[in-house]
file start.csv (CSV, N, CA and C atoms)
chain,number,residue,atom,x,y,z
L,1,MET,N,1.6,23.7,2.6
L,1,MET,CA,0.3,23.1,2.2
L,1,MET,C,0.0,22.0,3.1
L,2,ALA,N,-1.2,21.9,3.5
L,2,ALA,CA,-1.6,20.8,4.4
L,2,ALA,C,-1.6,19.5,3.7
L,3,LYS,N,-1.4,18.5,4.4
L,3,LYS,CA,-1.3,17.1,3.9
L,3,LYS,C,-2.7,16.6,3.6
L,4,ALA,N,-2.9,16.1,2.3
L,4,ALA,CA,-4.2,15.6,2.0
L,4,ALA,C,-4.4,14.3,2.6
L,5,THR,N,-5.4,14.1,3.4
L,5,THR,CA,-5.7,12.9,4.1
L,5,THR,C,-6.9,12.2,3.6
L,6,ALA,N,-7.9,12.9,3.2
L,6,ALA,CA,-9.2,12.3,2.7
L,6,ALA,C,-8.9,11.6,1.4
L,7,ALA,N,-9.6,10.5,1.3
L,7,ALA,CA,-9.4,9.6,0.1
L,7,ALA,C,-9.8,10.4,-1.2
L,8,SER,N,-10.8,11.2,-1.1
L,8,SER,CA,-11.2,11.9,-2.3
L,8,SER,C,-10.2,13.0,-2.7
L,9,ALA,N,-9.6,13.6,-1.7
L,9,ALA,CA,-8.5,14.6,-2.0
L,9,ALA,C,-7.3,13.9,-2.6
L,10,LYS,N,-7.0,12.7,-2.1
L,10,LYS,CA,-5.8,12.0,-2.7
L,10,LYS,C,-6.1,11.6,-4.1
L,11,ARG,N,-7.4,11.2,-4.4
L,11,ARG,CA,-7.7,10.8,-5.7
L,11,ARG,C,-7.7,12.0,-6.7
L,12,ASP,N,-8.1,13.2,-6.2
L,12,ASP,CA,-8.1,14.4,-7.0
L,12,ASP,C,-6.7,14.7,-7.4
L,13,ARG,N,-5.7,14.6,-6.4
L,13,ARG,CA,-4.3,14.9,-6.7
L,13,ARG,C,-3.8,13.9,-7.7
L,14,ARG,N,-4.1,12.6,-7.6
L,14,ARG,CA,-3.7,11.6,-8.6
L,14,ARG,C,-4.3,11.9,-10.0
L,15,HIS,N,-5.5,12.3,-10.0
L,15,HIS,CA,-6.2,12.6,-11.2
L,15,HIS,C,-5.5,13.8,-11.9
L,16,LEU,N,-5.1,14.8,-11.2
L,16,LEU,CA,-4.4,16.0,-11.8
L,16,LEU,C,-3.1,15.6,-12.3
L,17,ARG,N,-2.4,14.7,-11.6
L,17,ARG,CA,-1.1,14.2,-12.1
L,17,ARG,C,-1.2,13.4,-13.4
L,18,VAL,N,-2.3,12.6,-13.5
L,18,VAL,CA,-2.5,11.8,-14.7
L,18,VAL,C,-2.9,12.8,-15.8
L,19,ARG,N,-3.7,13.8,-15.5
L,19,ARG,CA,-4.2,14.7,-16.6
L,19,ARG,C,-3.2,15.6,-17.2
L,20,LYS,N,-2.0,15.7,-16.5
L,20,LYS,CA,-0.9,16.5,-17.1
L,20,LYS,C,-0.4,15.8,-18.3
L,21,LYS,N,-0.5,14.4,-18.3
L,21,LYS,CA,0.1,13.6,-19.4
L,21,LYS,C,-0.9,13.2,-20.4
L,22,VAL,N,-2.2,13.1,-20.1
L,22,VAL,CA,-3.2,12.5,-21.0
L,22,VAL,C,-4.0,13.6,-21.6
L,23,GLN,N,-4.0,13.7,-22.9
L,23,GLN,CA,-4.8,14.7,-23.6
L,23,GLN,C,-5.7,14.0,-24.7
L,24,GLY,N,-6.9,14.4,-24.8
L,24,GLY,CA,-7.8,13.9,-25.9
L,24,GLY,C,-7.8,14.8,-27.1
L,25,THR,N,-7.7,14.2,-28.3
L,25,THR,CA,-7.8,14.9,-29.5
L,25,THR,C,-9.0,14.4,-30.3
L,26,PRO,N,-9.3,15.1,-31.4
L,26,PRO,CA,-10.5,14.7,-32.2
L,26,PRO,C,-10.3,13.3,-32.7
L,27,ALA,N,-9.1,12.9,-33.1
L,27,ALA,CA,-8.8,11.6,-33.7
L,27,ALA,C,-8.7,10.6,-32.6
L,28,ARG,N,-8.2,10.9,-31.4
L,28,ARG,CA,-8.0,10.0,-30.3
L,28,ARG,C,-8.5,10.6,-29.0
L,29,PRO,N,-9.8,10.6,-28.8
L,29,PRO,CA,-10.3,11.2,-27.6
L,29,PRO,C,-10.0,10.5,-26.3
L,30,ARG,N,-10.2,11.1,-25.2
L,30,ARG,CA,-9.9,10.6,-23.9
L,30,ARG,C,-11.1,9.8,-23.3
L,31,LEU,N,-10.9,8.6,-22.9
L,31,LEU,CA,-12.0,7.8,-22.3
L,31,LEU,C,-11.9,7.9,-20.8
L,32,VAL,N,-12.8,8.7,-20.2
L,32,VAL,CA,-12.7,9.0,-18.8
L,32,VAL,C,-13.7,8.0,-18.0
L,33,VAL,N,-13.2,7.5,-16.9
L,33,VAL,CA,-14.1,6.7,-16.1
L,33,VAL,C,-14.3,7.4,-14.8
L,34,PHE,N,-15.6,7.4,-14.3
L,34,PHE,CA,-15.9,7.9,-13.0
L,34,PHE,C,-16.6,6.8,-12.3
L,35,ARG,N,-16.2,6.5,-11.1
L,35,ARG,CA,-16.7,5.4,-10.3
L,35,ARG,C,-17.2,6.0,-9.0
L,36,SER,N,-18.5,5.7,-8.7
L,36,SER,CA,-19.1,6.0,-7.4
L,36,SER,C,-19.3,4.7,-6.6
L,37,LEU,N,-19.8,4.8,-5.5
L,37,LEU,CA,-20.0,3.5,-4.7
L,37,LEU,C,-21.0,2.6,-5.3
L,38,LYS,N,-22.0,3.1,-6.0
L,38,LYS,CA,-23.0,2.3,-6.6
L,38,LYS,C,-23.0,2.2,-8.1
L,39,HIS,N,-22.5,3.2,-8.8
L,39,HIS,CA,-22.5,3.2,-10.2
L,39,HIS,C,-21.2,3.5,-10.9
L,40,ILE,N,-21.1,3.4,-12.2
L,40,ILE,CA,-19.9,3.7,-12.9
L,40,ILE,C,-20.3,4.3,-14.2
L,41,TYR,N,-19.5,5.3,-14.7
L,41,TYR,CA,-19.8,6.1,-15.9
L,41,TYR,C,-18.6,6.2,-16.7
L,42,ALA,N,-18.8,6.3,-18.0
L,42,ALA,CA,-17.6,6.5,-18.9
L,42,ALA,C,-18.0,7.5,-20.0
L,43,GLN,N,-17.1,8.3,-20.4
L,43,GLN,CA,-17.4,9.3,-21.4
L,43,GLN,C,-16.1,9.5,-22.3
L,44,LEU,N,-16.4,9.9,-23.5
L,44,LEU,CA,-15.3,10.3,-24.4
L,44,LEU,C,-15.3,11.8,-24.5
L,45,VAL,N,-14.1,12.3,-24.3
L,45,VAL,CA,-13.9,13.8,-24.3
L,45,VAL,C,-12.8,14.2,-25.3
L,46,ASP,N,-13.1,15.2,-26.0
L,46,ASP,CA,-12.2,15.9,-27.0
L,46,ASP,C,-11.7,17.1,-26.2
L,47,ASP,N,-10.5,17.1,-25.7
L,47,ASP,CA,-9.9,18.2,-24.9
L,47,ASP,C,-9.6,19.4,-25.8
L,48,SER,N,-9.3,19.2,-27.1
L,48,SER,CA,-8.9,20.4,-27.9
L,48,SER,C,-10.1,21.2,-28.2
L,49,ALA,N,-11.3,20.6,-28.3
L,49,ALA,CA,-12.6,21.4,-28.5
L,49,ALA,C,-13.4,21.5,-27.3
L,50,ASN,N,-12.9,21.0,-26.2
L,50,ASN,CA,-13.6,21.1,-24.9
L,50,ASN,C,-15.1,20.6,-25.0
L,51,ARG,N,-15.2,19.4,-25.5
L,51,ARG,CA,-16.6,18.9,-25.7
L,51,ARG,C,-16.6,17.4,-25.4
L,52,THR,N,-17.7,16.9,-24.9
L,52,THR,CA,-18.0,15.5,-24.7
L,52,THR,C,-18.6,14.9,-25.9
L,53,ILE,N,-18.0,13.8,-26.4
L,53,ILE,CA,-18.5,13.1,-27.6
L,53,ILE,C,-19.6,12.2,-27.3
L,54,ALA,N,-19.4,11.3,-26.3
L,54,ALA,CA,-20.4,10.3,-25.9
L,54,ALA,C,-20.3,10.1,-24.4
L,55,THR,N,-21.4,9.6,-23.8
L,55,THR,CA,-21.3,9.3,-22.4
L,55,THR,C,-22.3,8.1,-22.1
L,56,VAL,N,-21.9,7.2,-21.2
L,56,VAL,CA,-22.6,6.0,-20.9
L,56,VAL,C,-22.5,5.8,-19.4
L,57,GLY,N,-23.7,5.4,-18.8
L,57,GLY,CA,-23.7,5.1,-17.3
L,57,GLY,C,-24.4,3.7,-17.1
L,58,ASP,N,-24.2,3.2,-16.0
L,58,ASP,CA,-24.9,1.9,-15.7
L,58,ASP,C,-26.2,2.0,-15.0
L,59,THR,N,-26.7,3.2,-14.9
L,59,THR,CA,-28.0,3.4,-14.1
L,59,THR,C,-29.2,2.7,-14.7
L,60,ASP,N,-29.1,2.4,-16.0
L,60,ASP,CA,-30.3,1.7,-16.7
L,60,ASP,C,-30.0,0.2,-16.8
L,61,ILE,N,-28.9,-0.3,-16.3
L,61,ILE,CA,-28.5,-1.7,-16.4
L,61,ILE,C,-28.9,-2.3,-15.0
L,62,LEU,N,-29.8,-3.3,-15.1
L,62,LEU,CA,-30.3,-3.9,-13.8
L,62,LEU,C,-29.9,-5.4,-13.7
L,63,THR,N,-29.9,-5.9,-12.5
L,63,THR,CA,-29.7,-7.3,-12.2
L,63,THR,C,-28.4,-7.9,-12.6
L,64,MET,N,-27.3,-7.2,-12.4
L,64,MET,CA,-26.0,-7.6,-12.7
L,64,MET,C,-25.1,-7.2,-11.5
L,65,LYS,N,-24.0,-7.9,-11.3
L,65,LYS,CA,-23.0,-7.4,-10.4
L,65,LYS,C,-22.3,-6.2,-10.9
L,66,LYS,N,-21.7,-5.4,-10.0
L,66,LYS,CA,-21.1,-4.2,-10.3
L,66,LYS,C,-20.0,-4.3,-11.4
L,67,THR,N,-19.2,-5.4,-11.3
L,67,THR,CA,-18.1,-5.6,-12.3
L,67,THR,C,-18.7,-5.9,-13.6
L,68,GLU,N,-19.8,-6.7,-13.7
L,68,GLU,CA,-20.4,-7.1,-14.9
L,68,GLU,C,-21.0,-5.8,-15.6
L,69,LYS,N,-21.6,-4.9,-14.7
L,69,LYS,CA,-22.2,-3.7,-15.2
L,69,LYS,C,-21.0,-2.8,-15.8
L,70,ALA,N,-19.9,-2.8,-15.2
L,70,ALA,CA,-18.8,-2.0,-15.7
L,70,ALA,C,-18.3,-2.5,-17.1
L,71,THR,N,-18.3,-3.9,-17.2
L,71,THR,CA,-17.9,-4.4,-18.5
L,71,THR,C,-18.9,-4.0,-19.6
L,72,GLU,N,-20.2,-4.0,-19.2
L,72,GLU,CA,-21.3,-3.6,-20.2
L,72,GLU,C,-21.1,-2.1,-20.5
L,73,VAL,N,-20.8,-1.3,-19.6
L,73,VAL,CA,-20.5,0.1,-19.8
L,73,VAL,C,-19.4,0.3,-20.8
L,74,GLY,N,-18.3,-0.5,-20.7
L,74,GLY,CA,-17.2,-0.4,-21.6
L,74,GLY,C,-17.7,-0.8,-23.0
L,75,LYS,N,-18.5,-1.9,-23.2
L,75,LYS,CA,-19.0,-2.3,-24.5
L,75,LYS,C,-19.9,-1.2,-25.1
L,76,ARG,N,-20.7,-0.6,-24.3
L,76,ARG,CA,-21.6,0.4,-24.8
L,76,ARG,C,-20.9,1.7,-25.2
L,77,ILE,N,-19.9,2.1,-24.5
L,77,ILE,CA,-19.1,3.3,-24.9
L,77,ILE,C,-18.3,3.0,-26.2
L,78,ALA,N,-17.9,1.7,-26.4
L,78,ALA,CA,-17.2,1.3,-27.6
L,78,ALA,C,-18.2,1.4,-28.8
L,79,GLU,N,-19.5,1.0,-28.6
L,79,GLU,CA,-20.5,1.1,-29.7
L,79,GLU,C,-20.7,2.5,-30.1
L,80,ARG,N,-20.8,3.4,-29.1
L,80,ARG,CA,-21.1,4.8,-29.4
L,80,ARG,C,-19.9,5.4,-30.0
L,81,ALA,N,-18.7,5.0,-29.6
L,81,ALA,CA,-17.5,5.5,-30.3
L,81,ALA,C,-17.4,5.1,-31.7
L,82,LYS,N,-17.7,3.9,-32.0
L,82,LYS,CA,-17.7,3.4,-33.4
L,82,LYS,C,-18.7,4.1,-34.2
L,83,ALA,N,-19.9,4.4,-33.6
L,83,ALA,CA,-20.9,5.2,-34.3
L,83,ALA,C,-20.5,6.6,-34.7
L,84,ALA,N,-19.6,7.1,-33.9
L,84,ALA,CA,-19.0,8.4,-34.1
L,84,ALA,C,-17.8,8.4,-35.0
L,85,GLY,N,-17.3,7.2,-35.4
L,85,GLY,CA,-16.2,7.0,-36.2
L,85,GLY,C,-14.9,7.0,-35.5
L,86,ILE,N,-14.9,6.6,-34.2
L,86,ILE,CA,-13.7,6.6,-33.4
L,86,ILE,C,-13.3,5.2,-33.1
L,87,THR,N,-12.0,4.8,-33.4
L,87,THR,CA,-11.5,3.5,-33.1
L,87,THR,C,-10.4,3.5,-32.0
L,88,GLN,N,-9.7,4.6,-31.9
L,88,GLN,CA,-8.6,4.7,-30.9
L,88,GLN,C,-8.9,5.7,-29.8
L,89,VAL,N,-8.6,5.4,-28.6
L,89,VAL,CA,-8.8,6.3,-27.5
L,89,VAL,C,-7.6,6.3,-26.6
L,90,VAL,N,-7.6,7.3,-25.7
L,90,VAL,CA,-6.6,7.3,-24.6
L,90,VAL,C,-7.3,7.1,-23.3
L,91,PHE,N,-6.9,6.1,-22.5
L,91,PHE,CA,-7.6,5.7,-21.3
L,91,PHE,C,-7.2,6.6,-20.1
L,92,ASP,N,-8.2,7.2,-19.5
L,92,ASP,CA,-8.0,8.1,-18.3
L,92,ASP,C,-8.7,7.4,-17.1
L,93,ARG,N,-7.9,6.9,-16.2
L,93,ARG,CA,-8.5,6.2,-15.1
L,93,ARG,C,-8.9,7.1,-14.0
L,94,ALA,N,-8.7,8.4,-14.2
L,94,ALA,CA,-9.2,9.4,-13.3
L,94,ALA,C,-8.7,9.3,-11.8
L,95,GLY,N,-7.5,8.8,-11.6
L,95,GLY,CA,-6.9,8.7,-10.3
L,95,GLY,C,-7.3,7.4,-9.6
L,96,TYR,N,-8.1,6.6,-10.2
L,96,TYR,CA,-8.5,5.3,-9.5
L,96,TYR,C,-7.4,4.3,-9.9
L,97,GLN,N,-7.3,3.3,-9.0
L,97,GLN,CA,-6.3,2.2,-9.4
L,97,GLN,C,-6.9,1.4,-10.5
L,98,TYR,N,-6.0,0.9,-11.4
L,98,TYR,CA,-6.4,0.1,-12.5
L,98,TYR,C,-6.7,-1.3,-12.1
L,99,HIS,N,-7.8,-1.6,-11.5
L,99,HIS,CA,-8.2,-2.9,-11.1
L,99,HIS,C,-9.7,-2.9,-10.8
L,100,GLY,N,-10.4,-4.0,-10.7
L,100,GLY,CA,-11.8,-4.1,-10.4
L,100,GLY,C,-12.6,-3.5,-11.5
L,101,ARG,N,-13.5,-2.6,-11.1
L,101,ARG,CA,-14.5,-2.0,-12.1
L,101,ARG,C,-13.9,-1.1,-13.1
L,102,VAL,N,-12.8,-0.4,-12.8
L,102,VAL,CA,-12.1,0.4,-13.8
L,102,VAL,C,-11.5,-0.4,-14.8
L,103,LYS,N,-10.9,-1.5,-14.4
L,103,LYS,CA,-10.3,-2.5,-15.4
L,103,LYS,C,-11.3,-3.1,-16.2
L,104,ALA,N,-12.5,-3.4,-15.6
L,104,ALA,CA,-13.6,-4.0,-16.3
L,104,ALA,C,-14.1,-3.1,-17.5
L,105,VAL,N,-14.2,-1.8,-17.2
L,105,VAL,CA,-14.6,-0.9,-18.2
L,105,VAL,C,-13.6,-0.9,-19.4
L,106,ALA,N,-12.3,-0.9,-19.1
L,106,ALA,CA,-11.3,-1.0,-20.1
L,106,ALA,C,-11.4,-2.2,-20.9
L,107,GLU,N,-11.5,-3.4,-20.3
L,107,GLU,CA,-11.6,-4.6,-21.0
L,107,GLU,C,-12.9,-4.7,-21.8
L,108,GLY,N,-14.0,-4.2,-21.3
L,108,GLY,CA,-15.2,-4.1,-22.1
L,108,GLY,C,-15.1,-3.2,-23.4
L,109,ALA,N,-14.4,-2.1,-23.2
L,109,ALA,CA,-14.2,-1.3,-24.4
L,109,ALA,C,-13.3,-1.9,-25.4
L,110,ARG,N,-12.3,-2.7,-24.9
L,110,ARG,CA,-11.4,-3.4,-25.8
L,110,ARG,C,-12.2,-4.5,-26.6
L,111,GLU,N,-13.1,-5.2,-25.8
L,111,GLU,CA,-13.9,-6.2,-26.4
L,111,GLU,C,-14.9,-5.6,-27.5
L,112,GLY,N,-15.3,-4.4,-27.2
L,112,GLY,CA,-16.1,-3.7,-28.2
L,112,GLY,C,-15.4,-3.1,-29.4
L,113,GLY,N,-14.1,-3.2,-29.4
L,113,GLY,CA,-13.3,-2.8,-30.6
L,113,GLY,C,-12.5,-1.6,-30.5
L,114,LEU,N,-12.4,-0.9,-29.3
L,114,LEU,CA,-11.6,0.2,-29.1
L,114,LEU,C,-10.1,-0.2,-28.9
L,115,GLU,N,-9.2,0.7,-29.4
L,115,GLU,CA,-7.8,0.4,-29.2
L,115,GLU,C,-7.3,1.5,-28.3
L,116,PHE,N,-6.5,1.1,-27.3
L,116,PHE,CA,-5.9,2.0,-26.3
L,116,PHE,C,-4.4,2.3,-26.7
call {"tool": "encode", "arguments": {"input": "start.csv", "output": "structure tokens"}}
result
Amino acid sequence: MAKATAASAKRDRRHLRVRKKVQGTPARPRLVVFRSLKHIYAQLVDDSANRTIATVGDTDILTMKKTEKATEVGKRIAERAKAAGITQVVFDRAGYQYHGRVKAVAEGAREGGLEF
């Protein structure tokens, strides 16, 4: 197998490695984070039913820094989770390092009342 050199290919491999261990259930869904260069998105996924419970993006949040937007995304996903009756989640960082905007989403979700 050829060596993966592109950053996206390396992230995909890390994500698959993480996904082997992290599973979402109806009682404890998976909180997935996707980070692009400009935006950040979070969604709650129930892997046993193969469905997305809730999703939030920062595309409608204006005039904030990217890290502040990520914290707000975490708070909003926590609100939607509580509305769906969910208090505990499994955090899936999707192959990204746990720092910066990914960490800000996690901290925002914790501030919103979700337990990891």
call {"tool": "closest_residue", "arguments": {"input": "start.csv", "among": "L:Tyr98, L:Val45, L:Ile61, L:Val105", "to": "Gly74 (chain L)", "atoms": "only N, CA and C atoms"}}
result
L:Val105
call {"tool": "select_by_dssp", "arguments": {"input": "start.csv", "residues": "region 11-92 of chain L", "states": "alpha helix (DSSP H)", "output": "PyMOL selection string"}}
result
chain L and resi 11-19+66-83
call {"tool": "closest_residue", "arguments": {"input": "start.csv", "among": "L:Ala109, L:Ile77, L:Ala42, L:Val32", "to": "Phe91 (chain L)", "atoms": "only N, CA and C atoms"}}
result
L:Val32
call {"tool": "residues_around", "arguments": {"input": "start.csv", "residues": "Leu44 (chain L)", "least_positions_apart": "2", "cutoff": "6 Å", "atoms": "only N, CA and C atoms", "output": "ChimeraX atom specification"}}
result
/L:29-32,42,46,51-55
call {"tool": "residues_around", "arguments": {"input": "start.csv", "residues": "Lys82 (chain L)", "least_positions_apart": "6", "cutoff": "9 Å", "atoms": "only C-alpha atoms", "output": "PyMOL selection string"}}
result
chain L and resi 112-114
call {"tool": "residues_near_point", "arguments": {"input": "start.csv", "point": "(-17.0, -2.9, -18.3)", "cutoff": "10 Å", "atoms": "only C-alpha atoms", "output": "list in words"}}
result
Ile40, Tyr41, Ala42, Asp58, Lys66, Thr67, Glu68, Lys69, Ala70, Thr71, Glu72, Val73, Gly74, Lys75, Arg76, Ile77, Gly100, Arg101, Val102, Lys103, Ala104, Val105, Ala106, Glu107, Gly108, Ala109, Arg110, Glu111 and Gly112 of chain L
call {"tool": "select_by_dssp", "arguments": {"input": "start.csv", "residues": "chain L", "states": "strand (DSSP E)", "output": "JSON, numbers by chain"}}
result
{"L": [30, 31, 32, 33, 34, 35, 40, 41, 42, 43, 44, 45, 46, 51, 52, 53, 54, 55, 56, 57, 90, 91, 92]}
call {"tool": "atom_distance", "arguments": {"input": "start.csv", "atom1": "CA of Val89 (chain L)", "atom2": "atom N of Ala7 (chain L)"}}
result
29.1 Å
call {"tool": "closest_residue", "arguments": {"input": "start.csv", "among": "L:Gly57, L:Asp92, L:Gln97, L:Ala6", "to": "Arg19 (chain L)", "atoms": "all atoms listed in the file"}}
result
L:Asp92
call {"tool": "atom_distance", "arguments": {"input": "start.csv", "atom1": "CA of Asn50 (chain L)", "atom2": "atom C of Arg28 (chain L)"}}
result
12.4 Å
call {"tool": "atom_distance", "arguments": {"input": "start.csv", "atom1": "atom C of Arg35 (chain L)", "atom2": "atom N of Ala81 (chain L)"}}
result
20.7 Å
call {"tool": "closest_residue", "arguments": {"input": "start.csv", "among": "L:Leu37, L:Glu115, L:Ser48, L:Thr59", "to": "Thr87 (chain L)", "atoms": "only N, CA and C atoms"}}
result
L:Glu115
